[in-house]
Amino acid sequence: MLPQMKILFLTAIIGVTDPAMASTLPDLKSLSDDGLIALYEKASSADQPNICNEVVPILAELMSRPSIEGNLQERKTAADFDCALQENRWGPAYRLLPRVEAYVERDLGSLGFLVALFSDHYNDAAQRLIALAKAKDADELLSIDDQQIYRLLGELWTAKQFEQRGAVAQALLASPHVGKLPDNLQSFLASAIIGEEARTGKFKRSVALLDSINSPYSFANFLAMREYAPIWPQIEEAAGPNMSKAIGRQLESDRARLNKDRSDREAFQQVAHALHFAGRFEDVVSFVGELDHSPAGIAKINEDEAWALNVEAYALDALGRRDEAEAIFDAIAAIPYDPEENGWLVNFTINRGSRLVELGQWEKGLEAAKLAAKVAETSGSPYAKMLIMRDQICALTRLNRKSEAAAMIEQIFTQRSDSHSTAATALICAGDMKRAAQTVIEALSDPVHAEAMVDELQKPGFQLFYTKSELPTLREALLPRADVRAAFDKVARDIPEKFMPLAGLRRQELAAAKP
């Protein structure tokens, strides 16, 4: 008789590619039925079963023998599913998902959601997440990493599934477990609901939700886009002068989370961001200064600590301490890159190159962009690769080496939908104002891309991480054009100066104080 199957469903390795475990199997066909069954029992009951290289092949051999009876097909399906999870083969895992759920006579909860999400079945992922939000038991919902919820909402936005996106946000905020969700996620969900109400023109819940939003990015969007005009007075009140109320809510929330657990590195970097948004640049430097800044210390950082150092570098730039900011970026870039361990380094190699180019250090910026390009080959998103191309194009043209950038100029225009503002900036560097304007107008005319472009067209003081740049801004270079201005005015306004975020206000004060 076959032993009871051990159902594994390897949730612990979601999103992680483990090295293949070597097989120690003998010649399976040479084994007797009893010997094969004994081998299966041993392989499937191990603490860390080698699903792909041992359990699956043994089951295949068992199924080939008419003399062996039992629920072999169900076992094989479950093992194939586990193997697909172990190897991050999300398409095959998703195809097996209905059969596995039928076998265990229940849906797989958060695991089913993740399989649907990672296999790009976003509508199914949305329905599964809505079901988890409504469930009595909170464990499955709370086991999902916040970033996966952000990812789903982002994918639904890109796919123009606006109503579905709003339904997910509504279900999560209406969940009996909503109080256990992080404040920043609740803020994001509230913003999504307000955005959906603005799209339909029916503001039923928006005003009541405004005080739960703590993101200056959200308020910049609300204050700029004309679809929110019916509730601009209420938005302005909730934001406060220089967005001080919203920024204060964020800082208070992030500090409360960190105080509960000082080892929470995500909360640590979020506090650093909130201090920066508040224009408290000296406090950012002091706060992040608790990290070991030695080469040995920085070599050991995780991604959240890298983001905290990234914020510190921008705070140092704002304070005019550029050499110290550069040293931080150089130290992060010196960390040995391993795509399996620290693929996140791509973010900081890009930021390092972009900063140098914006400061007019063309040669150094070009070399930094080349390093970023190497990292992005394996760890970079399409957007990341756009940023690197922009930096290379702008550096090369300023070095009078435009011919070397010609192919990249055409490529970045072709791929402009990955980031219209990045493509437009690169085209301005290349002197192609016609296609730069075309790119901006195209984005302003698309509901998916308009908000991001409007943000780029605001005054520099509204850019939360603005570094005074040697490159022309889109606002300076293109907004004076009648065609661009008309496209902008159709969907947005210049945010009133009194709502410039505290960070922008402080940067202006520091600049004015320089001799």
# chains A, B, ... in the order shown; residues from 1 in each chain; ligands from 1
call {"tool": "residues_around", "arguments": {"residues": "Asn302 in chain A", "least_positions_apart": "3", "cutoff": "12 Å", "atoms": "only C-alpha atoms", "output": "list in words"}}
result
Asp264, Arg265, Glu266, Phe268, Gln269, Leu291, Gly297, Ile298, Ala299, Glu305, Ala306, Trp307, Ala308, Leu309, Ile332, Ile335, Glu341, Asn342, Gly343, Trp344 and Leu345 of chain A
call {"tool": "residues_around", "arguments": {"residues": "Ile37 in chain A", "least_positions_apart": "2", "cutoff": "12 Å", "atoms": "only C-alpha atoms", "output": "short mmCIF file (atom, residue, chain, number, x, y, z; two decimals) with all heavy atoms, in the first residue's frame"}}
result
data_model
loop_
_atom_site.label_atom_id
_atom_site.label_comp_id
_atom_site.auth_asym_id
_atom_site.auth_seq_id
_atom_site.Cartn_x
_atom_site.Cartn_y
_atom_site.Cartn_z
N MET A 1 0.86 -1.21 0.00
CA MET A 1 0.00 0.00 0.00
C MET A 1 0.88 1.24 0.00
O MET A 1 1.90 1.29 0.70
CB MET A 1 -0.91 0.00 1.24
CG MET A 1 -1.77 1.26 1.36
SD MET A 1 -2.81 1.26 2.83
CE MET A 1 -3.99 -0.01 2.40
N LEU A 2 0.45 2.23 -0.76
CA LEU A 2 1.20 3.49 -0.78
C LEU A 2 1.04 4.23 0.54
O LEU A 2 -0.05 4.25 1.12
CB LEU A 2 0.70 4.39 -1.91
CG LEU A 2 1.13 4.01 -3.33
CD1 LEU A 2 0.37 4.85 -4.32
CD2 LEU A 2 2.62 4.21 -3.50
N PRO A 3 2.08 4.87 1.04
CA PRO A 3 1.96 5.67 2.26
C PRO A 3 1.12 6.92 2.01
O PRO A 3 0.94 7.34 0.86
CB PRO A 3 3.41 6.05 2.56
CG PRO A 3 4.09 6.03 1.23
CD PRO A 3 3.44 4.91 0.47
N GLN A 4 0.61 7.51 3.08
CA GLN A 4 -0.15 8.76 2.97
C GLN A 4 0.76 9.84 2.38
O GLN A 4 1.89 10.02 2.82
CB GLN A 4 -0.65 9.21 4.35
CG GLN A 4 -1.43 10.52 4.35
CD GLN A 4 -2.73 10.42 3.56
OE1 GLN A 4 -3.39 9.40 3.58
NE2 GLN A 4 -3.06 11.48 2.84
N MET A 5 0.24 10.55 1.39
CA MET A 5 1.05 11.58 0.75
C MET A 5 1.26 12.77 1.67
O MET A 5 0.35 13.22 2.36
CB MET A 5 0.38 12.06 -0.54
CG MET A 5 1.16 13.14 -1.25
SD MET A 5 0.28 13.74 -2.68
CE MET A 5 1.38 15.04 -3.19
N LEU A 28 15.62 3.47 -11.09
CA LEU A 28 14.27 3.20 -10.59
C LEU A 28 13.68 1.94 -11.21
O LEU A 28 12.94 1.19 -10.54
CB LEU A 28 13.36 4.41 -10.87
CG LEU A 28 13.77 5.72 -10.19
CD1 LEU A 28 12.78 6.82 -10.55
CD2 LEU A 28 13.87 5.57 -8.69
N LEU A 31 14.17 -1.43 -9.45
CA LEU A 31 13.61 -1.68 -8.12
C LEU A 31 12.32 -2.49 -8.21
O LEU A 31 11.54 -2.35 -9.16
CB LEU A 31 13.33 -0.36 -7.40
CG LEU A 31 14.53 0.56 -7.13
CD1 LEU A 31 14.06 1.84 -6.46
CD2 LEU A 31 15.56 -0.14 -6.26
N SER A 32 12.10 -3.29 -7.20
CA SER A 32 10.81 -3.98 -7.08
C SER A 32 9.74 -2.97 -6.69
O SER A 32 10.05 -1.84 -6.29
CB SER A 32 10.90 -5.06 -6.00
OG SER A 32 11.09 -4.46 -4.72
N ASP A 33 8.47 -3.40 -6.78
CA ASP A 33 7.38 -2.50 -6.38
C ASP A 33 7.55 -2.06 -4.94
O ASP A 33 7.41 -0.87 -4.61
CB ASP A 33 6.03 -3.20 -6.55
CG ASP A 33 5.63 -3.35 -8.01
OD1 ASP A 33 6.40 -2.89 -8.88
OD2 ASP A 33 4.56 -3.93 -8.27
N ASP A 34 7.82 -3.02 -4.05
CA ASP A 34 7.98 -2.67 -2.64
C ASP A 34 9.17 -1.75 -2.42
O ASP A 34 9.11 -0.80 -1.62
CB ASP A 34 8.16 -3.94 -1.81
CG ASP A 34 6.87 -4.74 -1.70
OD1 ASP A 34 5.78 -4.17 -1.97
OD2 ASP A 34 6.94 -5.93 -1.34
N GLY A 35 10.24 -2.01 -3.15
CA GLY A 35 11.41 -1.14 -3.02
C GLY A 35 11.14 0.26 -3.52
O GLY A 35 11.60 1.25 -2.93
N LEU A 39 11.14 3.70 -1.33
CA LEU A 39 11.94 4.86 -1.74
C LEU A 39 11.06 6.11 -1.81
O LEU A 39 11.48 7.20 -1.41
CB LEU A 39 12.59 4.58 -3.09
CG LEU A 39 13.57 5.65 -3.60
CD1 LEU A 39 14.75 5.80 -2.65
CD2 LEU A 39 14.06 5.32 -5.01
N TYR A 40 9.85 5.96 -2.31
CA TYR A 40 8.92 7.09 -2.38
C TYR A 40 8.61 7.61 -0.98
O TYR A 40 8.60 8.82 -0.74
CB TYR A 40 7.63 6.68 -3.09
CG TYR A 40 6.52 7.71 -2.96
CD1 TYR A 40 6.61 8.92 -3.64
CD2 TYR A 40 5.42 7.49 -2.15
CE1 TYR A 40 5.61 9.87 -3.53
CE2 TYR A 40 4.41 8.43 -2.02
CZ TYR A 40 4.52 9.62 -2.71
OH TYR A 40 3.53 10.56 -2.58
N GLU A 41 8.35 6.68 -0.06
CA GLU A 41 8.03 7.09 1.31
C GLU A 41 9.19 7.87 1.92
O GLU A 41 8.99 8.89 2.57
CB GLU A 41 7.70 5.87 2.17
CG GLU A 41 7.31 6.24 3.59
CD GLU A 41 6.83 5.05 4.40
OE1 GLU A 41 7.10 3.91 3.98
OE2 GLU A 41 6.17 5.26 5.43
N LYS A 42 10.40 7.38 1.70
CA LYS A 42 11.56 8.07 2.25
C LYS A 42 11.74 9.44 1.62
O LYS A 42 11.98 10.44 2.31
CB LYS A 42 12.81 7.21 2.01
CG LYS A 42 14.11 7.85 2.52
CD LYS A 42 15.30 6.96 2.18
CE LYS A 42 16.60 7.64 2.63
NZ LYS A 42 17.79 6.80 2.28
N ALA A 43 11.62 9.53 0.29
CA ALA A 43 11.85 10.80 -0.41
C ALA A 43 10.79 11.83 -0.08
O ALA A 43 11.08 13.01 0.12
CB ALA A 43 11.89 10.56 -1.92
N SER A 44 9.52 11.40 0.02
CA SER A 44 8.44 12.36 0.22
C SER A 44 8.30 12.80 1.67
O SER A 44 7.69 13.84 1.95
CB SER A 44 7.11 11.77 -0.26
OG SER A 44 6.77 10.63 0.52
N VAL A 55 11.07 13.13 -5.92
CA VAL A 55 9.68 12.75 -5.74
C VAL A 55 8.96 12.62 -7.08
O VAL A 55 8.25 11.64 -7.33
CB VAL A 55 8.96 13.75 -4.81
CG1 VAL A 55 7.47 13.38 -4.69
CG2 VAL A 55 9.61 13.78 -3.43
N ILE A 58 10.07 9.48 -9.09
CA ILE A 58 9.60 8.24 -8.46
C ILE A 58 8.11 8.05 -8.75
O ILE A 58 7.66 6.95 -9.08
CB ILE A 58 9.87 8.26 -6.95
CG1 ILE A 58 11.37 8.26 -6.66
CG2 ILE A 58 9.23 7.04 -6.27
CD1 ILE A 58 11.73 8.50 -5.20
N LEU A 59 7.34 9.13 -8.65
CA LEU A 59 5.91 9.04 -8.93
C LEU A 59 5.67 8.66 -10.39
O LEU A 59 4.76 7.88 -10.69
CB LEU A 59 5.23 10.37 -8.61
CG LEU A 59 4.86 10.58 -7.14
CD1 LEU A 59 4.48 12.03 -6.88
CD2 LEU A 59 3.72 9.66 -6.73
N ALA A 60 6.47 9.20 -11.28
CA ALA A 60 6.32 8.85 -12.70
C ALA A 60 6.55 7.36 -12.91
O ALA A 60 5.83 6.70 -13.67
CB ALA A 60 7.28 9.68 -13.55
N GLU A 61 7.55 6.82 -12.23
CA GLU A 61 7.82 5.38 -12.35
C GLU A 61 6.71 4.57 -11.71
O GLU A 61 6.28 3.54 -12.26
CB GLU A 61 9.16 5.06 -11.70
CG GLU A 61 9.53 3.59 -11.70
CD GLU A 61 9.67 3.00 -13.10
OE1 GLU A 61 9.93 3.78 -14.05
OE2 GLU A 61 9.50 1.77 -13.25
N LEU A 62 6.19 5.01 -10.57
CA LEU A 62 5.06 4.33 -9.92
C LEU A 62 3.86 4.27 -10.86
O LEU A 62 3.18 3.24 -10.97
CB LEU A 62 4.69 5.03 -8.62
CG LEU A 62 5.64 4.84 -7.42
CD1 LEU A 62 5.31 5.86 -6.33
CD2 LEU A 62 5.54 3.42 -6.86
N MET A 63 3.58 5.39 -11.53
CA MET A 63 2.42 5.45 -12.42
C MET A 63 2.58 4.55 -13.63
O MET A 63 1.59 4.15 -14.25
CB MET A 63 2.19 6.90 -12.86
CG MET A 63 1.74 7.83 -11.74
SD MET A 63 1.54 9.55 -12.28
CE MET A 63 0.12 9.39 -13.35
N ARG A 65 3.58 1.57 -13.57
CA ARG A 65 3.45 0.15 -13.20
C ARG A 65 1.99 -0.17 -12.89
O ARG A 65 1.46 0.26 -11.85
CB ARG A 65 4.33 -0.14 -11.98
CG ARG A 65 5.81 0.11 -12.24
CD ARG A 65 6.67 -0.37 -11.11
NE ARG A 65 8.08 -0.09 -11.37
CZ ARG A 65 9.09 -0.56 -10.63
NH1 ARG A 65 8.83 -1.35 -9.57
NH2 ARG A 65 10.34 -0.26 -10.93
N SER A 67 0.72 -2.66 -11.68
CA SER A 67 0.59 -3.45 -10.45
C SER A 67 0.44 -2.59 -9.21
O SER A 67 0.07 -3.09 -8.13
CB SER A 67 1.81 -4.37 -10.29
OG SER A 67 3.01 -3.59 -10.31
N ILE A 68 0.72 -1.31 -9.31
CA ILE A 68 0.65 -0.43 -8.15
C ILE A 68 -0.61 0.41 -8.24
O ILE A 68 -0.84 1.12 -9.23
CB ILE A 68 1.90 0.48 -8.07
CG1 ILE A 68 3.14 -0.39 -7.88
CG2 ILE A 68 1.77 1.47 -6.92
CD1 ILE A 68 4.43 0.39 -7.83
N GLU A 69 -1.42 0.34 -7.21
CA GLU A 69 -2.69 1.07 -7.17
C GLU A 69 -2.61 2.21 -6.16
O GLU A 69 -1.78 2.21 -5.27
CB GLU A 69 -3.83 0.12 -6.81
CG GLU A 69 -4.05 -1.00 -7.82
CD GLU A 69 -5.17 -1.92 -7.40
OE1 GLU A 69 -5.68 -1.76 -6.27
OE2 GLU A 69 -5.55 -2.78 -8.22
N GLY A 70 -3.52 3.14 -6.31
CA GLY A 70 -3.58 4.28 -5.39
C GLY A 70 -3.85 5.56 -6.16
O GLY A 70 -3.95 5.56 -7.39
N LEU A 72 -2.44 7.87 -7.55
CA LEU A 72 -1.16 8.31 -8.09
C LEU A 72 -1.25 9.62 -8.88
O LEU A 72 -0.37 10.46 -8.80
CB LEU A 72 -0.57 7.20 -8.97
CG LEU A 72 -0.09 5.96 -8.21
CD1 LEU A 72 0.25 4.85 -9.19
CD2 LEU A 72 1.11 6.29 -7.35
#
call {"tool": "closest_residue", "arguments": {"among": "A:Pro447, A:Ser379, A:Ala430, A:Ile441", "to": "Gln161 in chain A", "atoms": "only C-alpha atoms"}}
result
A:Pro447
call {"tool": "atom_distance", "arguments": {"atom1": "CA of Leu258 in chain A", "atom2": "CA of Ala138 in chain A"}}
result
22.6 Å
call {"tool": "residues_around", "arguments": {"residues": "Val448 in chain A", "least_positions_apart": "2", "cutoff": "8 Å", "atoms": "only C-alpha atoms", "output": "number ranges by chain"}}
result
A: 157-158, 160, 446, 450-451
call {"tool": "write_last_selection", "arguments": {"atoms": "N, CA, C and O atoms", "output": "PDB file, in the first residue's frame"}}
result
ATOM      1  N   TRP A 157      -3.811  48.857 -12.676  1.00  0.00           N
ATOM      2  CA  TRP A 157      -3.788  50.233 -13.192  1.00  0.00           C
ATOM      3  C   TRP A 157      -3.219  50.256 -14.606  1.00  0.00           C
ATOM      4  O   TRP A 157      -3.806  50.858 -15.513  1.00  0.00           O
ATOM      5  N   THR A 158      -2.093  49.598 -14.798  1.00  0.00           N
ATOM      6  CA  THR A 158      -1.455  49.582 -16.110  1.00  0.00           C
ATOM      7  C   THR A 158      -2.359  48.950 -17.158  1.00  0.00           C
ATOM      8  O   THR A 158      -2.391  49.387 -18.316  1.00  0.00           O
ATOM      9  N   LYS A 160      -5.467  49.137 -17.214  1.00  0.00           N
ATOM     10  CA  LYS A 160      -6.677  49.969 -17.262  1.00  0.00           C
ATOM     11  C   LYS A 160      -7.896  49.237 -16.699  1.00  0.00           C
ATOM     12  O   LYS A 160      -9.036  49.502 -17.093  1.00  0.00           O
ATOM     13  N   ASP A 446      -3.169  60.007 -21.950  1.00  0.00           N
ATOM     14  CA  ASP A 446      -3.431  58.624 -21.559  1.00  0.00           C
ATOM     15  C   ASP A 446      -3.719  58.569 -20.060  1.00  0.00           C
ATOM     16  O   ASP A 446      -2.875  58.987 -19.255  1.00  0.00           O
ATOM     17  N   ALA A 450      -0.902  59.873 -17.432  1.00  0.00           N
ATOM     18  CA  ALA A 450      -1.029  61.323 -17.267  1.00  0.00           C
ATOM     19  C   ALA A 450      -0.531  61.795 -15.906  1.00  0.00           C
ATOM     20  O   ALA A 450       0.177  62.805 -15.807  1.00  0.00           O
ATOM     21  N   GLU A 451      -0.889  61.081 -14.837  1.00  0.00           N
ATOM     22  CA  GLU A 451      -0.522  61.545 -13.492  1.00  0.00           C
ATOM     23  C   GLU A 451       0.986  61.654 -13.327  1.00  0.00           C
ATOM     24  O   GLU A 451       1.498  62.637 -12.782  1.00  0.00           O
TER      25      GLU A 451
END
call {"tool": "residues_around", "arguments": {"residues": "Thr439 in chain A", "least_positions_apart": "5", "cutoff": "10 Å", "atoms": "only C-alpha atoms", "output": "PyMOL selection string"}}
result
chain A and resi 413+416-417+419-425+427+433-434+444+453+484
call {"tool": "select_by_dssp", "arguments": {"residues": "range 135-347 of chain A", "states": "helix (DSSP H, G or I)", "output": "PyMOL selection string"}}
result
chain A and resi 139-142+146-158+162-173+178-180+183-200+206-212+216-224+226-239+241-260+265-277+281-288+295-298+303-318+322-333+339-342+345-347
call {"tool": "residues_around", "arguments": {"residues": "Ala238 in chain A", "least_positions_apart": "3", "cutoff": "10 Å", "atoms": "only C-alpha atoms", "output": "list in words"}}
result
Val207, Leu209, Leu210, Asp211, Ser212, Ile213, Asn214, Phe219, Trp232, Pro233, Gln234, Ile235, Pro241, Met243, Ser244, Lys245 and Ala246 of chain A
call {"tool": "write_last_selection", "arguments": {"atoms": "N, CA and C atoms", "output": "PDB file, in the first residue's frame"}}
result
ATOM      1  N   VAL A 207     -14.118  62.333   0.679  1.00  0.00           N
ATOM      2  CA  VAL A 207     -13.836  63.346   1.697  1.00  0.00           C
ATOM      3  C   VAL A 207     -13.554  62.692   3.036  1.00  0.00           C
ATOM      4  N   LEU A 209     -12.245  59.866   3.543  1.00  0.00           N
ATOM      5  CA  LEU A 209     -10.996  59.102   3.513  1.00  0.00           C
ATOM      6  C   LEU A 209      -9.752  59.987   3.513  1.00  0.00           C
ATOM      7  N   LEU A 210      -9.895  61.269   3.230  1.00  0.00           N
ATOM      8  CA  LEU A 210      -8.728  62.126   3.033  1.00  0.00           C
ATOM      9  C   LEU A 210      -7.793  62.155   4.237  1.00  0.00           C
ATOM     10  N   ASP A 211      -8.342  62.188   5.436  1.00  0.00           N
ATOM     11  CA  ASP A 211      -7.496  62.292   6.625  1.00  0.00           C
ATOM     12  C   ASP A 211      -6.756  61.005   6.949  1.00  0.00           C
ATOM     13  N   SER A 212      -7.065  59.922   6.229  1.00  0.00           N
ATOM     14  CA  SER A 212      -6.332  58.670   6.444  1.00  0.00           C
ATOM     15  C   SER A 212      -5.157  58.538   5.486  1.00  0.00           C
ATOM     16  N   ILE A 213      -4.994  59.512   4.593  1.00  0.00           N
ATOM     17  CA  ILE A 213      -3.921  59.450   3.598  1.00  0.00           C
ATOM     18  C   ILE A 213      -2.725  60.244   4.101  1.00  0.00           C
ATOM     19  N   ASN A 214      -1.567  59.597   4.079  1.00  0.00           N
ATOM     20  CA  ASN A 214      -0.371  60.241   4.626  1.00  0.00           C
ATOM     21  C   ASN A 214       0.742  60.427   3.594  1.00  0.00           C
ATOM     22  N   PHE A 219      -1.158  63.374  -2.365  1.00  0.00           N
ATOM     23  CA  PHE A 219      -1.724  64.720  -2.319  1.00  0.00           C
ATOM     24  C   PHE A 219      -1.257  65.570  -3.488  1.00  0.00           C
ATOM     25  N   TRP A 232     -11.334  69.844  -4.350  1.00  0.00           N
ATOM     26  CA  TRP A 232     -10.064  70.515  -4.060  1.00  0.00           C
ATOM     27  C   TRP A 232     -10.078  71.243  -2.714  1.00  0.00           C
ATOM     28  N   PRO A 233     -11.115  71.940  -2.315  1.00  0.00           N
ATOM     29  CA  PRO A 233     -11.081  72.603  -1.000  1.00  0.00           C
ATOM     30  C   PRO A 233     -10.841  71.607   0.147  1.00  0.00           C
ATOM     31  N   GLN A 234     -11.515  70.471   0.103  1.00  0.00           N
ATOM     32  CA  GLN A 234     -11.334  69.463   1.157  1.00  0.00           C
ATOM     33  C   GLN A 234      -9.943  68.834   1.087  1.00  0.00           C
ATOM     34  N   ILE A 235      -9.439  68.640  -0.123  1.00  0.00           N
ATOM     35  CA  ILE A 235      -8.090  68.095  -0.286  1.00  0.00           C
ATOM     36  C   ILE A 235      -7.063  69.072   0.287  1.00  0.00           C
ATOM     37  N   PRO A 241      -0.888  73.430   4.840  1.00  0.00           N
ATOM     38  CA  PRO A 241       0.130  74.257   4.191  1.00  0.00           C
ATOM     39  C   PRO A 241       1.413  73.458   3.991  1.00  0.00           C
ATOM     40  N   MET A 243       1.796  70.802   2.599  1.00  0.00           N
ATOM     41  CA  MET A 243       1.479  69.382   2.849  1.00  0.00           C
ATOM     42  C   MET A 243       1.898  68.952   4.249  1.00  0.00           C
ATOM     43  N   SER A 244       1.929  69.896   5.160  1.00  0.00           N
ATOM     44  CA  SER A 244       2.461  69.617   6.496  1.00  0.00           C
ATOM     45  C   SER A 244       1.608  68.619   7.271  1.00  0.00           C
ATOM     46  N   LYS A 245       0.286  68.662   7.090  1.00  0.00           N
ATOM     47  CA  LYS A 245      -0.571  67.716   7.807  1.00  0.00           C
ATOM     48  C   LYS A 245      -0.332  66.289   7.321  1.00  0.00           C
ATOM     49  N   ALA A 246      -0.284  66.115   6.021  1.00  0.00           N
ATOM     50  CA  ALA A 246      -0.073  64.776   5.460  1.00  0.00           C
ATOM     51  C   ALA A 246       1.295  64.237   5.851  1.00  0.00           C
TER      52      ALA A 246
END
call {"tool": "atom_distance", "arguments": {"atom1": "CA of Lys202 in chain A", "atom2": "CA of Asn221 in chain A"}}
result
17.8 Å
call {"tool": "atom_distance", "arguments": {"atom1": "CA of Glu54 in chain A", "atom2": "CA of Ser143 in chain A"}}
result
29.5 Å
call {"tool": "closest_residue", "arguments": {"among": "A:Leu153, A:Leu478, A:Val284, A:Ala369", "to": "Thr349 in chain A", "atoms": "only C-alpha atoms"}}
result
A:Ala369
call {"tool": "closest_residue", "arguments": {"among": "A:His273, A:Arg322, A:His177, A:Arg262", "to": "Gln250 in chain A", "atoms": "only C-alpha atoms"}}
result
A:His273
call {"tool": "closest_residue", "arguments": {"among": "A:Glu227, A:Glu326, A:Asp292, A:Glu410", "to": "Ala426 in chain A", "atoms": "only C-alpha atoms"}}
result
A:Glu410
call {"tool": "residues_around", "arguments": {"residues": "Asp107 in chain A", "least_positions_apart": "6", "cutoff": "10 Å", "atoms": "only C-alpha atoms", "output": "ChimeraX atom specification"}}
result
/A:97-98,100-101,113,128
call {"tool": "closest_residue", "arguments": {"among": "A:Asn400, A:Gln508, A:Asn184, A:Ser354", "to": "Gln270 in chain A", "atoms": "only C-alpha atoms"}}
result
A:Asn184
call {"tool": "residues_around", "arguments": {"residues": "Ala376 in chain A", "least_positions_apart": "3", "cutoff": "12 Å", "atoms": "only C-alpha atoms", "output": "list in words"}}
result
Tyr337, Asp338, Pro339, Asn342, Gly343, Trp344, Leu345, Val346, Asn347, Phe348, Thr349, Ile350, Ala369, Lys370, Leu371, Ala372, Ala373, Ser379, Gly380, Ser381, Pro382, Tyr383, Ala384, Lys385, Met386, Leu387, Ile388 and Met389 of chain A
call {"tool": "write_last_selection", "arguments": {"atoms": "C-alpha atoms", "output": "mmCIF file, in the first residue's frame"}}
result
data_model
loop_
_atom_site.group_PDB
_atom_site.id
_atom_site.type_symbol
_atom_site.label_atom_id
_atom_site.label_comp_id
_atom_site.auth_asym_id
_atom_site.auth_seq_id
_atom_site.Cartn_x
_atom_site.Cartn_y
_atom_site.Cartn_z
ATOM 1 C CA TYR A 337 26.767 42.127 -6.974
ATOM 2 C CA ASP A 338 25.038 38.746 -6.876
ATOM 3 C CA PRO A 339 21.702 38.623 -8.742
ATOM 4 C CA ASN A 342 21.184 41.441 -3.904
ATOM 5 C CA GLY A 343 19.550 42.147 -7.250
ATOM 6 C CA TRP A 344 18.153 45.238 -5.518
ATOM 7 C CA LEU A 345 21.553 46.920 -5.993
ATOM 8 C CA VAL A 346 20.310 47.911 -9.449
ATOM 9 C CA ASN A 347 18.269 50.724 -7.848
ATOM 10 C CA PHE A 348 21.287 52.315 -6.250
ATOM 11 C CA THR A 349 23.723 51.898 -9.103
ATOM 12 C CA ILE A 350 21.142 53.723 -11.232
ATOM 13 C CA ALA A 369 25.687 54.376 -15.956
ATOM 14 C CA LYS A 370 27.747 51.673 -17.652
ATOM 15 C CA LEU A 371 28.123 49.882 -14.310
ATOM 16 C CA ALA A 372 24.373 50.207 -13.747
ATOM 17 C CA ALA A 373 23.745 48.745 -17.205
ATOM 18 C CA SER A 379 18.162 42.551 -12.365
ATOM 19 C CA GLY A 380 16.727 45.561 -14.180
ATOM 20 C CA SER A 381 13.109 46.263 -15.089
ATOM 21 C CA PRO A 382 12.234 47.970 -18.380
ATOM 22 C CA TYR A 383 11.930 51.241 -16.429
ATOM 23 C CA ALA A 384 15.375 50.744 -14.883
ATOM 24 C CA LYS A 385 16.898 50.226 -18.308
ATOM 25 C CA MET A 386 15.161 53.387 -19.560
ATOM 26 C CA LEU A 387 16.795 55.432 -16.795
ATOM 27 C CA ILE A 388 20.221 54.061 -17.664
ATOM 28 C CA MET A 389 19.751 54.844 -21.361
#
